[in-house]
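J.: The structure under discussion is supplied below as structure tokens; questions concerning it will follow.
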Amino acid sequence: MDNRSELYQLAAQFLRQLEERGEAFLLLENINLADYPGAQAAAPEAGKAPEAVKPGPELSGQPRPGESLEAFGARIASCTRCRLHESRTKFVFGAGHPGADMLFIGEGPGAEEDRQGLPFVGRSGQLLTKIIASIGFTREEIYIANMVKCRPPGNRDPRPEEIEECNGYLLTQLELIKPKVIVTLGRFSAGYFHGSPGAAMRDLRGQIGEFHGVKVVSTYHPAALLRNSNWKRGCWEDMLLARKVYDQAGGRASSGAVYRPGN
Ligand code: URA
């Protein structure tokens, strides 16, 4: 069975479980089993099949010996390495399970994140919570971080030199968390973790990359989904791929009541 067919099987399985439990699918309205008609047999070909594997850039972040993720975050919270520190309210290190097997990586904090010092707590964050739940996880079971840790003024894109200055911190987080799967959100983190900076999302979605032994799957940024809700279904299918890769890599079981791989 090809990868696309397997994803359709997962989609149908998930929707069947929801139906049995009488639960609504929070991420997508107006979706049902009939949308995946071939899932029980062979699913129709759509888009390109996922393929492996491109090496990412070199690791360079270094934790101090024995340093915990929390201690590392506290040590770097007063960072002044790039100009973003001048306009920030709070440094946004990351949040979630310090030993998570799945790590989500966005772009950079927005206004609400800058106020609270936490990633993805504004409107995009509410949608991200649903995206995470759509494959059976809570936010406490995974970890969320960003390419840059301080808010770019006016929510502009992070600049290459800002990403470069912040990069060692993210790599250190990776070394400490040791996830099995990275899910990138939007084109900045997708380009970086697939080793193809500047590449378009359409060329990276559906690929299974590898970054220093960690599998990489990419999907849209939640803010893009808020602007274009037609992309939500594609996002969910990306997430099913991420979940499949996670299960294959031996990721821990999720608490999600709905998604049970193998059922
Ligand atoms: N967008 C991001 O990329 N990260 C956040 O933390 C919030 C919004």
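For the structure tokens, the naming scheme is as follows: chains receive sequential letters (A, B, ...) according to their order of presentation, residues are indexed from 1 within each chain, and ligands are indexed from 1 in presentation order.
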Determine, counting only C-alpha atoms, which protein, DNA and RNA residues have an atom within 12 Å of an atom of Asn30 in chain A; residues of the same chain fewer than 6 positions away are not included. Present the result as a count of residues only.
T.: 6
J.: Would you kindly return, as a compact mmCIF listing (two decimals) with N, CA and C atoms, in the first residue's frame, each protein, DNA or RNA residue with an atom no farther than 6 Å from any atom of Ile142 in chain A, considering only C-alpha atoms and excluding same-chain residues fewer than 5 positions away?
T.:
# COMPACT_ATOMS: atom_id res chain seq x y z
N GLY A 96 5.95 22.87 27.17
CA GLY A 96 5.48 21.51 26.95
C GLY A 96 6.27 20.52 27.78
N HIS A 97 6.27 19.27 27.33
CA HIS A 97 6.95 18.19 28.05
C HIS A 97 8.45 18.23 27.74
N ALA A 100 9.53 15.35 25.49
CA ALA A 100 8.51 15.00 24.48
C ALA A 100 9.13 14.25 23.31
N MET A 102 7.53 14.39 20.42
CA MET A 102 7.15 15.19 19.25
C MET A 102 7.36 16.67 19.56
J.: Wanna dump the range 73-167 of chain A-range 171-185 of chain A contacts at 9 Å for me, each residue with its shortest atom pair and the distance in Å to one decimal, counting only C-alpha atoms, ordered by chain and number, as CSV?
T.:
residue,atom,partner,partner_atom,distance
A:Gly73,CA,A:Gln173,CA,8.7
A:Gly94,CA,A:Gln173,CA,9.0
A:His97,CA,A:Ile177,CA,8.4
A:Pro98,CA,A:Ile177,CA,5.6
A:Gly99,CA,A:Ile177,CA,4.8
A:Ala100,CA,A:Pro179,CA,5.8
A:Asp101,CA,A:Pro179,CA,4.1
A:Met102,CA,A:Val181,CA,5.0
A:Leu103,CA,A:Ile182,CA,4.8
A:Phe104,CA,A:Val183,CA,4.7
A:Ile105,CA,A:Thr184,CA,4.9
A:Gly106,CA,A:Leu185,CA,4.9
A:Glu107,CA,A:Leu185,CA,7.4
A:Tyr143,CA,A:Ile177,CA,8.4
A:Ala145,CA,A:Gln173,CA,8.7
A:Asn167,CA,A:Leu171,CA,6.3
J.: For the selection you just gave me, I'd like the residues written to a file as an mmCIF file, in the first residue's frame, keeping C-alpha atoms.
T.:
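Output saved as part-v5.cif:
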data_model
loop_
_atom_site.group_PDB
_atom_site.id
_atom_site.type_symbol
_atom_site.label_atom_id
_atom_site.label_comp_id
_atom_site.auth_asym_id
_atom_site.auth_seq_id
_atom_site.Cartn_x
_atom_site.Cartn_y
_atom_site.Cartn_z
ATOM 1 C CA GLY A 73 15.839 28.447 29.394
ATOM 2 C CA GLY A 94 9.151 27.167 24.603
ATOM 3 C CA HIS A 97 6.953 18.190 28.053
ATOM 4 C CA PRO A 98 10.746 18.440 28.475
ATOM 5 C CA GLY A 99 11.156 14.868 27.211
ATOM 6 C CA ALA A 100 8.514 14.999 24.483
ATOM 7 C CA ASP A 101 8.824 12.641 21.529
ATOM 8 C CA MET A 102 7.152 15.190 19.250
ATOM 9 C CA LEU A 103 8.436 18.760 18.860
ATOM 10 C CA PHE A 104 6.492 21.483 17.021
ATOM 11 C CA ILE A 105 8.467 24.438 15.692
ATOM 12 C CA GLY A 106 6.861 27.708 14.584
ATOM 13 C CA GLU A 107 8.377 30.993 13.432
ATOM 14 C CA TYR A 143 6.823 20.426 23.118
ATOM 15 C CA ALA A 145 9.185 26.136 20.314
ATOM 16 C CA ASN A 167 19.615 29.009 16.168
#
J.: When you count only C-alpha atoms and all ligand atoms, which of these residues is closest to ligand 1: A:Val217, A:Ala111, A:Leu18, A:Leu84?
T.: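 Closest to ligand 1, using only C-alpha atoms and all ligand atoms: A:Ala111.
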J.: Find the residues of chain A that sit at most 8 Å from ligand 1; for each, write down the nearest two atoms and how far apart they are in Å, to one decimal. Count only C-alpha atoms and all ligand atoms. Sort by chain, then by number going up, and give it as CSV.
T.:
residue,atom,partner,partner_atom_place_in_ligand_line,distance
A:Val92,CA,ligand 1,6 (O),7.7
A:Ile105,CA,ligand 1,3 (O),7.6
A:Gly106,CA,ligand 1,3 (O),3.9
A:Glu107,CA,ligand 1,3 (O),3.5
A:Gly108,CA,ligand 1,3 (O),4.3
A:Pro109,CA,ligand 1,6 (O),4.0
A:Gly110,CA,ligand 1,7 (C),4.9
A:Glu112,CA,ligand 1,7 (C),7.8
A:Glu113,CA,ligand 1,6 (O),5.8
A:Leu118,CA,ligand 1,6 (O),6.9
A:Pro119,CA,ligand 1,6 (O),3.6
A:Phe120,CA,ligand 1,6 (O),3.8
A:Val121,CA,ligand 1,7 (C),6.7
A:Gly122,CA,ligand 1,7 (C),6.7
A:Ser124,CA,ligand 1,8 (C),5.8
A:Gly125,CA,ligand 1,7 (C),6.3
A:Ala145,CA,ligand 1,6 (O),7.0
A:Asn146,CA,ligand 1,4 (N),5.7
A:Met147,CA,ligand 1,3 (O),7.8
A:Leu185,CA,ligand 1,3 (O),7.2
A:Gly186,CA,ligand 1,3 (O),7.7
A:His221,CA,ligand 1,3 (O),7.1
A:Pro222,CA,ligand 1,1 (N),7.6
A:Ala223,CA,ligand 1,1 (N),7.0
J.: Any chance you could list, as a ChimeraX atom specification, the residues in range 113-255 of chain A that come up alpha helix (DSSP H) when DSSP is run on the backbone?
T.: /A:113-116,123-133,160-177,187-193,201-204,222-227,232-248
J.: Once you have the residues from the selection above, write them out as a PDB file, in the first residue's frame, restricted to C-alpha atoms.
T.:
ATOM      1  CA  GLU A 113       3.115  35.300  23.168  1.00  0.00           C
ATOM      2  CA  ASP A 114       5.356  38.332  23.789  1.00  0.00           C
ATOM      3  CA  ARG A 115       3.003  39.431  26.584  1.00  0.00           C
ATOM      4  CA  GLN A 116       2.750  36.021  28.262  1.00  0.00           C
ATOM      5  CA  ARG A 123      -5.482  32.798  17.977  1.00  0.00           C
ATOM      6  CA  SER A 124      -2.959  30.689  16.065  1.00  0.00           C
ATOM      7  CA  GLY A 125      -2.224  28.881  19.302  1.00  0.00           C
ATOM      8  CA  GLN A 126      -5.864  27.972  19.840  1.00  0.00           C
ATOM      9  CA  LEU A 127      -5.899  26.407  16.408  1.00  0.00           C
ATOM     10  CA  LEU A 128      -2.581  24.662  17.049  1.00  0.00           C
ATOM     11  CA  THR A 129      -4.124  23.047  20.148  1.00  0.00           C
ATOM     12  CA  LYS A 130      -6.811  21.550  17.886  1.00  0.00           C
ATOM     13  CA  ILE A 131      -4.223  20.435  15.341  1.00  0.00           C
ATOM     14  CA  ILE A 132      -2.305  18.670  18.096  1.00  0.00           C
ATOM     15  CA  ALA A 133      -5.519  17.087  19.391  1.00  0.00           C
ATOM     16  CA  PRO A 160      18.071  35.467   8.411  1.00  0.00           C
ATOM     17  CA  GLU A 161      20.574  37.018  10.832  1.00  0.00           C
ATOM     18  CA  GLU A 162      18.022  36.823  13.687  1.00  0.00           C
ATOM     19  CA  ILE A 163      17.338  33.170  12.922  1.00  0.00           C
ATOM     20  CA  GLU A 164      21.069  32.526  12.812  1.00  0.00           C
ATOM     21  CA  GLU A 165      21.726  34.216  16.174  1.00  0.00           C
ATOM     22  CA  CYS A 166      18.887  32.284  17.828  1.00  0.00           C
ATOM     23  CA  ASN A 167      19.615  29.009  16.168  1.00  0.00           C
ATOM     24  CA  GLY A 168      22.048  27.579  18.701  1.00  0.00           C
ATOM     25  CA  TYR A 169      19.364  27.875  21.386  1.00  0.00           C
ATOM     26  CA  LEU A 170      16.893  25.836  19.357  1.00  0.00           C
ATOM     27  CA  LEU A 171      19.530  23.210  18.636  1.00  0.00           C
ATOM     28  CA  THR A 172      20.333  22.944  22.311  1.00  0.00           C
ATOM     29  CA  GLN A 173      16.639  22.472  23.054  1.00  0.00           C
ATOM     30  CA  LEU A 174      16.648  19.674  20.513  1.00  0.00           C
ATOM     31  CA  GLU A 175      19.611  18.015  22.146  1.00  0.00           C
ATOM     32  CA  LEU A 176      17.978  18.193  25.570  1.00  0.00           C
ATOM     33  CA  ILE A 177      14.463  17.152  24.542  1.00  0.00           C
ATOM     34  CA  ARG A 187       7.942  27.815   5.602  1.00  0.00           C
ATOM     35  CA  PHE A 188      10.759  29.172   7.799  1.00  0.00           C
ATOM     36  CA  SER A 189      11.055  26.133  10.016  1.00  0.00           C
ATOM     37  CA  ALA A 190      10.217  23.771   7.129  1.00  0.00           C
ATOM     38  CA  GLY A 191      13.017  25.206   4.976  1.00  0.00           C
ATOM     39  CA  TYR A 192      15.505  25.066   7.795  1.00  0.00           C
ATOM     40  CA  PHE A 193      14.788  21.530   8.998  1.00  0.00           C
ATOM     41  CA  MET A 201       5.698  24.817   1.392  1.00  0.00           C
ATOM     42  CA  ARG A 202       4.242  22.882  -1.531  1.00  0.00           C
ATOM     43  CA  ASP A 203       7.661  21.315  -2.150  1.00  0.00           C
ATOM     44  CA  LEU A 204       8.203  20.293   1.460  1.00  0.00           C
ATOM     45  CA  PRO A 222      -1.734  27.863  11.868  1.00  0.00           C
ATOM     46  CA  ALA A 223      -1.916  31.587  11.003  1.00  0.00           C
ATOM     47  CA  ALA A 224      -2.048  30.605   7.326  1.00  0.00           C
ATOM     48  CA  LEU A 225      -4.921  28.225   8.123  1.00  0.00           C
ATOM     49  CA  LEU A 226      -6.785  31.056   9.849  1.00  0.00           C
ATOM     50  CA  ARG A 227      -6.522  33.003   6.590  1.00  0.00           C
ATOM     51  CA  LYS A 232      -7.059  22.596   7.099  1.00  0.00           C
ATOM     52  CA  ARG A 233      -7.729  19.250   5.506  1.00  0.00           C
ATOM     53  CA  GLY A 234      -4.227  19.174   3.995  1.00  0.00           C
ATOM     54  CA  CYS A 235      -2.870  20.098   7.418  1.00  0.00           C
ATOM     55  CA  TRP A 236      -4.706  17.206   9.025  1.00  0.00           C
ATOM     56  CA  GLU A 237      -3.339  14.798   6.426  1.00  0.00           C
ATOM     57  CA  ASP A 238       0.167  16.133   7.166  1.00  0.00           C
ATOM     58  CA  MET A 239      -0.515  15.475  10.829  1.00  0.00           C
ATOM     59  CA  LEU A 240      -1.594  11.901  10.098  1.00  0.00           C
ATOM     60  CA  LEU A 241       1.736  11.437   8.343  1.00  0.00           C
ATOM     61  CA  ALA A 242       3.521  12.896  11.380  1.00  0.00           C
ATOM     62  CA  ARG A 243       1.631  10.514  13.653  1.00  0.00           C
ATOM     63  CA  LYS A 244       2.478   7.538  11.487  1.00  0.00           C
ATOM     64  CA  VAL A 245       6.170   8.462  11.479  1.00  0.00           C
ATOM     65  CA  TYR A 246       5.990   9.012  15.248  1.00  0.00           C
ATOM     66  CA  ASP A 247       4.501   5.564  15.849  1.00  0.00           C
ATOM     67  CA  GLN A 248       7.057   3.946  13.552  1.00  0.00           C
TER      68      GLN A 248
END
J.: DSSP on the backbone: which residues in range 81-246 of chain A end up as strand (DSSP E)? Give the answer as a PyMOL selection string.
T.: chain A and resi 95-96+102-106+143-146+181-185+209-211+214-219
J.: Quick one, how far is CA of Arg139 in chain A from CA of Tyr220 in chain A?
T.: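 Interatomic distance, CA of Arg139 in chain A to CA of Tyr220 in chain A: 18.0 Å.
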J.: Out of A:Cys150, A:Thr138, A:Gln17, A:Ala253, which residue has the shortest atom-to-atom distance to Arg83 in chain A when counting only C-alpha atoms?
T.: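 Among A:Cys150, A:Thr138, A:Gln17, A:Ala253, it is A:Cys150 that comes nearest to Arg83 in chain A.
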J.: Please measure the separation of CA of Pro153 in chain A and CA of Arg81 in chain A, giving the value in Å to one decimal.
T.: 16.0 Å
